[in-house]
Each structure stands twice: as structure tokens, then as C-alpha cells.
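Input: a single structure, listed below in C-alpha cells.
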Amino acid sequence: MTVRSIGFIGVGTLAKAMILGLRRRWPELEVQLSPRSERLSSELAAGDQKIHRWTTNAEVVAASEVVFVTVRPPQLQEALSGTRFRPDQLVLSCLAGISIAEIKERCAPAEVARVLPIPAIERCEGPIVLCPPDARARALFDGLGDIVDVPDEAALAAIWPCSAFMSPYFALQAALIGWTAEQGVEHPAAATYVRSLLKALATTSALTELADLDRLIEEHETPGGLNNRIRLQLEKAGWFAAVGDALAMTSRLRGAELTNQAKP
Ligand SMILES: NC(=O)c1ccc[n+]([C@@H]2O[C@H](COP(=O)([O-])OP(=O)(O)OC[C@H]3O[C@@H](n4cnc5c(N)ncnc54)[C@H](OP(=O)(O)O)[C@@H]3O)[C@@H](O)[C@H]2O)c1
């Protein structure tokens with residue numbers, strides 16, 4: 001890995017996970033932090049001598065070969081004001097709904113790509129979407145999860161909504177545990193059972209060839225059995241169609257809409 005210094009403009013939830021994962025993977029990598037989120041950026045810098053907190057975003061950019069932009073879309077303009085980029089730099093934007101062209105307007109003459117990790121990158125796990133494929137970014141993320149190259153922003157827009165199934169997934173977990181506990185099972189037993197079940201299913205999926213993933217449905221049910229009955233009832237209730245509808249709704253959102261409060 002040839003990149004020696006990376007910077008973060010915006011040190012929030014996602015940046016923290018990326019910083020911890022990247023530092024775990026690359027012991028020699030220097031990390032430059034913007035000063036906002038004072039407590040978090042100060043803690044990260046205090047706990048690792050390779051992490052440096054600067055007083056301005058412009059200093060972060062000047063000290064970095066690869067610059068991650070990890071603010072929320074409405075914060076972008078202010079975050080990049082006063083920064084100057086070089087042609088040898090790569091900017092990796094994590095912002096949902098902001099195009100490469102929009103980032104290039106503010107970061108020229110640097111190269112720009114978009115990256116979509118999930119917070120599990122902290123443990124070097126999970127998907128990392130790169131758009132467009134980029135050799136420097138690929139080297140940086142090597143070993144931090146499953147790199148998924150997509151050729152253009154249309155493909156990125158189609159894959160991005162799936163990342164919004166993190167909290168719905170945990171809500172499903174909570175519903176399974178909650179119903180079981182309501183039937184009288186002690187909460188720790190219900191929680192242990194459901195968590196272990198979901199973990200085992202994820203492992204089964206990970207051990208299955210990509211082309212065979214759909215076969216897991218029939219392999220985990222018998223006609224008239226519990227799995228079959230529950231899947232069919234959920235299908236009848238529009239459960240799986242609702243997944244597609246929710247993904248389509250998310251993919252229509254742009255820029256600042258993505259951080260507005262969702263209407264229940
Ligand atoms: N969280 C995820 O799982 C996830 C996944 C994929 C993509 N993303 C994208 O990643 C971006 C960050 O998400 P997040 O969840 O990490 O948000 P977040 O926790 O709100 O982090 C945003 C950070 O940007 C900082 N910031 C705001 N204005 C700034 C400025 N002018 N200069 C420097 N820093 C500034 C904030 O500091 P203050 O606290 O001081 O305001 C905060 O530390 C978003 O665009 C989101 O779409 C997030």
C-alpha cells in the first residue's frame with residue numbers, strides 16, 4: 001500500500017469507523033483530522049500517535065494524499081470552503097446523493113471517486129462500494145471488507161439504498177425478540193436465540209456461491225412447514241414488495257433531502 005497520509009473532512013459516526021478500521025489494517029498510515037466534533041476528533045488523536053487533529057480543514061487537505069469527505073450533504077459547502085486541492089490527490093466522497101461532478105466543482109484539480117462503506121468497516125467487515133473503480137482506493141481498502149466496484153453513478157444509485165437496511169434489519173431483530181419475550185420467554189433467552197439464528201443465517205449465506213443464493217429459500221423450508229407458511233403469509237401481506245417500494249423511495253432522494261427528518 002503506497003498511500004502514506006489520508007485526511008478526513010468531517011469526523012462523525014462513519015469517519016470514526018473508517019479511521020479505526022484503516023488504522024487497524026495499516027499500522028504506518030498517518031491520519032489527518034478536521035477539528036469539528038471536537039470531543040471525538042480530540043479523543044481519536046489522543047489515543048493514537050499516527051492520528052493528527054488540525055485547526056482548519058485546509059491544513060487537513062494540504063497534509064493528505066487521499067482526502068475523505070465525510071460531512072452531511074448540507075455541510076459540504078462550508079466544509080470545503082478555503083481548501084485547495086492538488087492534481088495528485090484523490091478525494092473520496094461518502095456523501096449520499098451528491099454526484100462526482102458536484103464534488104469535482106469544489107475539489108478540482110484532484111481526482112474524485114465515491115465510496116460507500118458501512119460502520120462495520122471498523123472491524124474490517126462489510127461491503128465497500130467504489131465508484132468508479134480506482135487503484136489507489138482499492139489498495140487502501142484492501143482487507144477492510146468486501147470491495148464492490150461499480151462502473152458508474154447509475155449503478156451506485158441502485159446499490160446505495162440497500163445500505164439503508166441496517167436499522168430495518170435491527171428492527172426486525174427487535175420484533176422477533178419482542179414477540180418471543182411477550183409469549184413468556186425470558187428476554188435474555190429470546191435475545192440469545194434470535195441473535196444466534198440471524199448470525200448463523202448470515203454465515204450460511206456467506207458460505208454459499210453467489211449464483212446459488214436464491215436456492216437458500218427452498219433449502220430452508222418444506223411445503224406446509226413453519227418457514228414456508230411464514231414466508232407465504234409475509235409475501236401475501238406485501239412484505240417483499242414493500243422492500244422494493246422502500247428502496248425505490250430512497251433512491252429518489254437527493255442531497256439535503258437525505259438528512260431531513262423522515263416522516264413516519
Ligand atoms: N453513518 C453511516 O452509516 C453512513 C454510511 C454511508 C454514508 N454515510 C454518509 O457519510 C456522511 C457522514 O455521515 P455520518 O453518519 O458520519 O454523519 P455525522 O455523524 O453527522 O458526521 C458529520 C461530521 O461532519 C462534521 N462537520 C460538520 N460541518 C463541518 C465542517 N464545516 N468542517 C468539518 N467537519 C464538519 C460534524 O461535526 P459537528 O459534530 O461538530 O457538527 C460531524 O463530525 C453523510 O454524508 C452520510 O450520507 C454515512
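Going by the C-alpha cells order, chains are called A, B, ..., each with residues numbered from 1, while ligands are numbered from 1 in the order shown.
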
For the interface of chain A with ligand 1 (cut-off 8 Å, counting only C-alpha atoms and all ligand atoms), please tabulate each contacting residue of chain A alongside its nearest pair of atoms and their separation in Å to one decimal, rows sorted by chain and increasing number, as CSV.
residue,atom,partner,partner_atom_place_in_ligand_line,distance
A:Ile9,CA,ligand 1,33 (C),5.1
A:Gly10,CA,ligand 1,24 (O),3.5
A:Val11,CA,ligand 1,43 (O),4.0
A:Gly12,CA,ligand 1,21 (O),3.3
A:Thr13,CA,ligand 1,16 (O),3.7
A:Leu14,CA,ligand 1,16 (O),3.7
A:Ala15,CA,ligand 1,16 (O),5.6
A:Lys16,CA,ligand 1,16 (O),7.6
A:Ser34,CA,ligand 1,33 (C),5.5
A:Pro35,CA,ligand 1,33 (C),6.5
A:Arg36,CA,ligand 1,40 (O),4.2
A:Ser37,CA,ligand 1,40 (O),3.7
A:Glu38,CA,ligand 1,40 (O),6.5
A:Leu40,CA,ligand 1,43 (O),7.9
A:Asn57,CA,ligand 1,32 (N),6.4
A:Val69,CA,ligand 1,11 (C),7.5
A:Thr70,CA,ligand 1,11 (C),4.4
A:Val71,CA,ligand 1,24 (O),3.8
A:Arg72,CA,ligand 1,45 (O),3.6
A:Pro73,CA,ligand 1,45 (O),5.2
A:Gln75,CA,ligand 1,28 (N),4.9
A:Leu76,CA,ligand 1,31 (N),7.0
A:Gln77,CA,ligand 1,31 (N),7.7
A:Glu78,CA,ligand 1,31 (N),4.8
A:Ala79,CA,ligand 1,31 (N),3.4
A:Leu80,CA,ligand 1,31 (N),7.1
A:Cys94,CA,ligand 1,10 (O),4.8
A:Leu95,CA,ligand 1,45 (O),3.6
A:Ala96,CA,ligand 1,47 (O),4.3
A:Gly97,CA,ligand 1,47 (O),7.7
A:Leu116,CA,ligand 1,6 (C),5.3
A:Pro117,CA,ligand 1,6 (C),5.8
A:Ile118,CA,ligand 1,3 (O),5.1
A:Pro119,CA,ligand 1,3 (O),5.3
A:Ser163,CA,ligand 1,5 (C),7.2
A:Leu258,CA,ligand 1,47 (O),7.2
A:Thr259,CA,ligand 1,47 (O),7.6

Output for the residues just chosen: C-alpha atoms as an mmCIF file, in the first residue's frame:
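And here is the file that came out, out.cif:
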data_model
loop_
_atom_site.group_PDB
_atom_site.id
_atom_site.type_symbol
_atom_site.label_atom_id
_atom_site.label_comp_id
_atom_site.auth_asym_id
_atom_site.auth_seq_id
_atom_site.Cartn_x
_atom_site.Cartn_y
_atom_site.Cartn_z
ATOM 1 C CA ILE A 9 -13.111 16.382 6.469
ATOM 2 C CA GLY A 10 -15.852 15.555 8.992
ATOM 3 C CA VAL A 11 -15.209 13.271 11.961
ATOM 4 C CA GLY A 12 -18.590 11.740 12.787
ATOM 5 C CA THR A 13 -20.037 8.240 13.021
ATOM 6 C CA LEU A 14 -18.874 6.929 9.658
ATOM 7 C CA ALA A 15 -15.463 8.629 9.746
ATOM 8 C CA LYS A 16 -14.706 7.175 13.182
ATOM 9 C CA SER A 34 -10.589 18.152 10.760
ATOM 10 C CA PRO A 35 -11.254 19.892 14.092
ATOM 11 C CA ARG A 36 -15.077 19.690 14.257
ATOM 12 C CA SER A 37 -16.755 17.176 16.565
ATOM 13 C CA GLU A 38 -14.129 18.428 18.964
ATOM 14 C CA LEU A 40 -14.397 12.759 19.120
ATOM 15 C CA ASN A 57 -9.880 21.836 7.108
ATOM 16 C CA VAL A 69 -15.235 13.882 2.656
ATOM 17 C CA THR A 70 -17.435 12.607 5.474
ATOM 18 C CA VAL A 71 -19.753 15.503 6.309
ATOM 19 C CA ARG A 72 -23.506 15.517 5.702
ATOM 20 C CA PRO A 73 -24.636 16.927 2.335
ATOM 21 C CA GLN A 75 -22.456 20.756 5.438
ATOM 22 C CA LEU A 76 -20.407 20.241 2.273
ATOM 23 C CA GLN A 77 -20.086 23.809 1.059
ATOM 24 C CA GLU A 78 -18.883 25.210 4.369
ATOM 25 C CA ALA A 79 -16.599 22.234 4.995
ATOM 26 C CA LEU A 80 -14.690 22.699 1.746
ATOM 27 C CA CYS A 94 -19.005 9.307 1.241
ATOM 28 C CA LEU A 95 -21.944 11.699 0.730
ATOM 29 C CA ALA A 96 -25.238 10.195 -0.355
ATOM 30 C CA GLY A 97 -26.968 11.977 -3.226
ATOM 31 C CA LEU A 116 -19.835 3.603 0.391
ATOM 32 C CA PRO A 117 -18.719 1.608 3.425
ATOM 33 C CA ILE A 118 -20.836 0.728 6.477
ATOM 34 C CA PRO A 119 -19.812 1.278 10.119
ATOM 35 C CA SER A 163 -27.284 0.296 2.833
ATOM 36 C CA LEU A 258 -31.233 12.694 2.772
ATOM 37 C CA THR A 259 -30.662 14.317 6.128
#

**Message:** Need the shell around A:Ala110: protein/DNA/RNA residues with any atom at most 7 Å away, counting only C-alpha atoms. Skip same-chain ones fewer than 5 positions apart. Format as an MDAnalysis selection string?
**Reply:** chainID A and resid 85:91

**Request:** Would you list, as a PyMOL selection string, the residues of stretch 14-102 of chain A that end up in strand (DSSP E) under DSSP run on this structure's backbone?
**Result:** chain A and resi 30-33+51-53+66-69+90-93

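Considering only C-alpha atoms, the residue among A:Leu247, A:Ile159, A:Val112, A:Leu33 positioned nearest to A:Ser93 is A:Val112.
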
**Item:** Selection near A:Asp149, 9 Å with only C-alpha atoms, sequence-local residues under 2 positions removed, as number ranges by chain
**Value:** A: 128-134, 138, 147, 151

What are the DSSP alpha helix (DSSP H) residues of stretch 62-167 of chain A, as a compact mmCIF listing (two decimals) with C-alpha atoms, in the first residue's frame?
# COMPACT_ATOMS: atom_id res chain seq x y z
CA ALA A 62 -2.68 20.08 2.46
CA LEU A 76 -20.41 20.24 2.27
CA GLN A 77 -20.09 23.81 1.06
CA GLU A 78 -18.88 25.21 4.37
CA ALA A 79 -16.60 22.23 5.00
CA LEU A 80 -14.69 22.70 1.75
CA ILE A 100 -18.91 13.19 -8.55
CA ALA A 101 -19.39 16.24 -10.80
CA GLU A 102 -20.64 18.31 -7.82
CA ILE A 103 -17.66 17.25 -5.68
CA LYS A 104 -15.25 17.93 -8.59
CA GLU A 105 -16.55 21.50 -8.80
CA ARG A 106 -15.22 22.07 -5.28
CA CYS A 107 -12.13 19.82 -5.29
CA ALA A 135 -6.50 1.58 -7.90
CA ARG A 136 -5.44 3.85 -5.00
CA ALA A 137 -8.77 3.47 -3.22
CA ARG A 138 -8.78 -0.29 -3.80
CA ALA A 139 -5.29 -0.59 -2.28
CA LEU A 140 -6.35 1.50 0.72
CA PHE A 141 -9.45 -0.64 1.37
CA GLU A 153 -23.19 6.57 -10.61
CA ALA A 154 -26.34 4.95 -12.01
CA ALA A 155 -25.15 1.62 -10.59
CA LEU A 156 -24.12 3.33 -7.35
CA ALA A 157 -27.59 4.90 -7.02
CA ALA A 158 -29.09 1.43 -7.43
CA ILE A 159 -26.89 -0.23 -4.81
CA MET A 166 -29.24 -1.58 8.56
CA SER A 167 -31.75 -0.09 11.01

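Our summary of the geometry notes that atom CA of A:Leu213 is positioned 20.0 Å from atom CA of A:Pro161.
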
**Nearest residue to A:Arg123 from the set A:Leu253, A:Ala248, A:Val67, A:Ala17 (distances using only C-alpha atoms)** = A:Ala17

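If you measure from each of A:Leu20, A:Ala164, A:Asp152, A:Glu28 to A:Gly47 using only C-alpha atoms, the closest one turns out to be A:Leu20.
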
**Request:** Record the distance separating atom CA of A:Met1 and atom CA of A:Cys124, expressed in Å with one decimal.
**Result:** 16.1 Å

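Atom CA of A:Glu219 to atom CA of A:Thr203 spans 14.8 Å [interatomic distance, one decimal].
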
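Neighbours of A:Gly178 closer than or equal to 10 Å, with only C-alpha atoms counted and sequence neighbours fewer than 5 positions away skipped, come out as Leu172, Gln173, Gln183, Val185, His187, Ala190 and Ala191 of chain A.
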
Save out the residues we just selected, N, CA and C atoms, as a compact mmCIF listing (two decimals), in the first residue's frame.
# COMPACT_ATOMS: atom_id res chain seq x y z
N LEU A 172 -36.17 -5.59 12.67
CA LEU A 172 -36.70 -6.96 12.50
C LEU A 172 -36.21 -7.83 13.66
N GLN A 173 -34.93 -7.71 13.97
CA GLN A 173 -34.38 -8.48 15.10
C GLN A 173 -35.17 -8.16 16.38
N GLN A 183 -44.42 -13.75 24.66
CA GLN A 183 -45.07 -15.05 24.87
C GLN A 183 -44.63 -15.69 26.19
N VAL A 185 -41.16 -16.00 27.18
CA VAL A 185 -39.75 -16.44 27.24
C VAL A 185 -38.94 -15.31 27.88
N HIS A 187 -36.34 -12.54 28.47
CA HIS A 187 -35.75 -11.71 27.41
C HIS A 187 -34.34 -12.16 27.01
N ALA A 190 -34.65 -15.16 24.73
CA ALA A 190 -35.19 -14.78 23.42
C ALA A 190 -34.13 -14.06 22.59
N ALA A 191 -33.43 -13.13 23.24
CA ALA A 191 -32.41 -12.34 22.52
C ALA A 191 -31.25 -13.23 22.07

**Contacts of A:Ile177 within 12 Å, only C-alpha atoms, excl. fewer than 5 positions in-chain, as a PyMOL selection string** = chain A and resi 170-172+182-198

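Counting only C-alpha atoms and comparing A:Leu92, A:Ile230, A:Pro27, A:Gly126, the residue that lies closest to A:Ala202 is A:Gly126.
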
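Between A:Gly143 and the candidates A:Ala175, A:Ala113, A:Ile121, A:Ile98, the tightest atom-to-atom separation, counting only C-alpha atoms, involves A:Ile121.
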